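Structure file protein-v8.txt (compact mmCIF, C-alpha atoms and all ligand atoms) is printed below.
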```txt
# COMPACT_ATOMS: atom_id res chain seq x y z
CA MET A 130 -16.23 16.28 17.56
CA ILE A 131 -14.27 14.15 19.95
CA TRP A 132 -10.65 13.95 18.91
CA SER A 133 -9.00 10.54 18.96
CA LYS A 134 -5.44 9.25 18.74
CA LYS A 135 -6.54 7.07 15.86
CA PHE A 136 -6.85 10.24 13.73
CA VAL A 137 -3.16 11.10 14.08
CA THR A 138 -1.10 10.61 10.91
CA ASN A 139 2.23 11.76 12.40
CA VAL A 140 2.58 14.33 9.63
CA GLY A 141 2.50 17.58 11.61
CA PRO A 142 1.00 20.01 9.08
CA ILE A 143 -1.65 17.48 8.06
CA ASP A 144 -2.59 16.65 11.64
CA ARG A 145 -2.91 20.34 12.45
CA GLN A 146 -5.19 20.85 9.46
CA HIS A 147 -7.34 17.89 10.39
CA GLN A 148 -7.71 19.37 13.87
CA LEU A 149 -8.62 22.75 12.38
CA LEU A 150 -11.32 21.14 10.23
CA ALA A 151 -12.69 19.43 13.35
CA ALA A 152 -12.54 22.73 15.26
CA LEU A 153 -14.40 24.48 12.44
CA CYS A 154 -17.24 21.97 12.86
CA ASP A 155 -17.21 22.48 16.63
CA MET A 156 -17.37 26.25 16.22
CA TYR A 157 -20.32 26.06 13.85
CA ARG A 158 -22.14 23.66 16.17
CA VAL A 159 -21.93 26.29 18.91
CA ILE A 160 -23.21 28.95 16.50
CA VAL A 161 -26.08 26.71 15.36
CA ASP A 162 -27.07 26.14 18.97
CA LEU A 163 -27.07 29.89 19.57
CA GLY A 164 -29.45 30.34 16.63
CA MET A 165 -27.83 30.66 13.24
CA GLU A 166 -29.18 33.02 10.61
CA ARG A 167 -29.50 32.03 6.98
CA GLU A 168 -26.53 34.18 5.96
CA LEU A 169 -24.35 32.35 8.46
CA CYS A 170 -25.47 29.02 7.02
CA ALA A 171 -24.20 30.10 3.63
CA LEU A 172 -20.94 31.16 5.26
CA MET A 173 -20.66 27.82 7.02
CA LEU A 174 -21.05 25.91 3.75
CA ALA A 175 -18.49 28.16 2.05
CA ASP A 176 -16.04 27.79 4.96
CA LEU A 177 -16.29 24.00 4.98
CA ALA A 178 -15.75 23.79 1.22
CA ARG A 179 -12.88 26.30 1.25
CA ASP A 180 -11.00 24.67 4.12
CA ALA A 181 -11.49 21.14 2.78
CA ASN A 182 -10.19 22.31 -0.58
CA ALA A 183 -7.18 24.03 1.02
CA HIS A 184 -6.47 20.85 2.93
CA PHE A 185 -6.48 18.73 -0.24
CA ASP A 186 -4.08 21.20 -1.85
CA VAL A 187 -1.64 20.91 1.07
CA GLU A 188 -1.76 17.12 1.02
CA ASP A 189 -1.23 17.01 -2.72
CA GLU A 190 1.74 19.33 -2.38
CA MET A 191 3.29 17.23 0.37
CA MET A 192 3.45 14.07 -1.72
CA PRO A 193 4.31 15.35 -5.14
CA CYS A 194 6.60 12.63 -6.36
CA ARG A 195 5.63 9.27 -5.05
CA SER A 196 3.92 9.97 -8.14
CA ARG A 197 1.64 12.71 -9.20
CA MET A 198 -0.80 9.95 -10.09
CA THR A 199 -0.81 8.67 -6.53
CA ALA A 200 -1.51 12.13 -5.16
CA LEU A 201 -4.29 12.73 -7.63
CA HIS A 202 -5.74 9.31 -7.05
CA HIS A 203 -5.52 9.84 -3.30
CA HIS A 204 -8.23 12.45 -3.24
CA ARG A 205 -10.23 12.22 -6.41
CA ALA A 206 -13.12 10.19 -5.03
CA ASP A 207 -12.90 11.95 -1.68
CA ASP A 208 -13.09 15.42 -3.25
CA ASP A 209 -16.03 14.39 -5.33
CA HIS A 210 -17.90 13.03 -2.36
CA VAL A 211 -17.56 15.88 0.11
CA PHE A 212 -17.97 18.67 -2.45
CA ARG A 213 -20.97 16.97 -4.02
CA GLU A 214 -22.55 16.75 -0.57
CA LEU A 215 -21.77 20.39 0.24
CA ARG A 216 -23.25 21.50 -3.10
CA ARG A 217 -26.38 19.53 -2.26
CA TYR A 218 -26.74 21.51 0.99
CA GLN A 219 -26.03 24.76 -0.85
CA ALA A 220 -28.81 23.96 -3.32
CA ARG A 221 -31.18 23.15 -0.50
CA LEU A 222 -30.31 26.40 1.26
CA ALA A 223 -30.94 28.34 -1.96
CA GLU A 224 -34.28 26.67 -2.67
CA SER A 225 -36.02 26.24 0.61
CA GLU A 226 -36.28 26.94 4.25
CA TRP A 227 -33.20 25.98 6.16
CA SER A 228 -33.50 24.82 9.74
CA ALA A 229 -31.01 24.35 12.52
CA ASP A 230 -31.46 20.62 11.99
CA ASP A 231 -30.32 20.98 8.38
CA ALA A 232 -27.18 22.75 9.59
CA ARG A 233 -26.55 20.01 12.16
CA ASP A 234 -27.17 17.37 9.51
CA CYS A 235 -24.60 19.05 7.28
CA LEU A 236 -22.05 19.20 10.11
CA ASP A 237 -22.71 15.51 10.87
CA MET A 238 -22.05 14.71 7.21
CA PHE A 239 -18.83 16.74 7.21
CA GLU A 240 -17.60 15.07 10.41
CA ARG A 241 -18.40 11.60 9.06
CA TRP A 242 -16.44 12.47 5.95
CA LEU A 243 -13.52 13.86 8.00
CA VAL A 244 -13.32 10.76 10.21
CA ASP A 245 -13.45 8.49 7.17
CA HIS A 246 -10.83 10.64 5.40
CA MET A 247 -8.45 10.54 8.38
CA THR A 248 -8.85 6.87 9.23
CA HIS A 249 -8.90 5.45 5.70
CA LEU A 250 -7.52 7.65 2.94
CA ASP A 251 -4.95 9.37 5.16
CA ALA A 252 -4.10 6.34 7.28
CA ASP A 253 -0.94 5.69 5.25
CA ILE A 254 -0.12 9.25 4.35
CA HIS A 255 2.95 9.26 6.61
CA SER A 256 4.66 6.65 4.42
CA ASP A 257 3.46 8.43 1.28
CA VAL A 258 5.07 11.69 2.43
CA ILE A 259 8.26 9.96 3.58
CA ALA A 260 8.49 8.09 0.29
CA ALA A 261 7.94 11.24 -1.75
FE FE B 301 -5.71 12.90 2.43
FE FE B 302 -6.27 14.80 5.23
```

Serialized structure, structure tokens:
Amino acid sequence: MIWSKKFVTNVGPIDRQHQLLAALCDMYRVIVDLGMERELCALMLADLARDANAHFDVEDEMMPCRSRMTALHHHRADDDHVFRELRRYQARLAESEWSADDARDCLDMFERWLVDHMTHLDADIHSDVIAA
């Protein structure tokens, strides 16, 4: 995905993680284009879920006190959305044929989520972390 200045939160560890999530998508796009096997699709879905989850944990840890409620509220809907979507792809992979287009569709979904996450939910995270 094309990186943009508008994604920058000015919180170093969070910006680095956002870039890593973007790079993970880029890496899997290259693999899909090379011809991805079914086993690698399962790995892709697991990687996306694991790294998104690790990212939420870091963000929650970085703003522990503004209030715990704020931190929990920050990601609740976001978690639900991206993990629900990833589970939907996992179910589809388990039940049926899985094409390169399905993998690209999944990566498109994840990138849309990431952009929305960075530009909306995380847009004010700098002040949240400073205030914590
Ligand atoms: Fe966030
Ligand atoms: Fe984030």

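For the atom pair formed by atom CA of A:Asp231 and atom CA of A:Gln219, the distance is 10.9 Å, given to one decimal.
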
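Of the residues listed (A:Arg179, A:Met173, A:Leu250, A:Arg241), A:Met173 shows the shortest atom-to-atom separation from A:Met156; distances use all atoms listed in the file.
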
Gap from atom CA of A:Ala183 to atom CA of A:Glu240 - Å, one decimal: 16.6 Å

Pick from A:Leu215, A:Ile254, A:Cys170, A:Leu149 nearest to A:Ser228, counting all atoms listed in the file: A:Cys170

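The spacing separating atom CA of A:Asp209 from atom CA of A:Asp162 amounts to 29.2 Å.
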
Counting all atoms listed in the file, the option among A:Leu177, A:Ala220, A:Met192, A:Ala171 closest to A:Leu236: A:Leu177

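Residues in contact with ligand FE 302 (chain B) (atom pairs separated by at most 7 Å; only C-alpha atoms and all ligand atoms) are Ile143, His147, His184, Phe185, Glu188, His246, Met247 and Asp251 of chain A.
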
Non-local contacts of A:Asp155 (12 Å; all atoms listed in the file; under 2 positions in same chain excluded) as a ChimeraX atom specification: /A:130-132,148-153,157-162,173,177,233,236-237,239-240

Pick from A:Met165, A:Cys235, A:Trp242, A:Ala252 nearest to A:Arg221, counting all atoms listed in the file: A:Cys235

Closest of A:Glu224, A:Asp180, A:Asp186, A:Glu168 to ligand FE 301 (chain B) - atom-to-atom distances counting only C-alpha atoms and all ligand atoms: A:Asp186
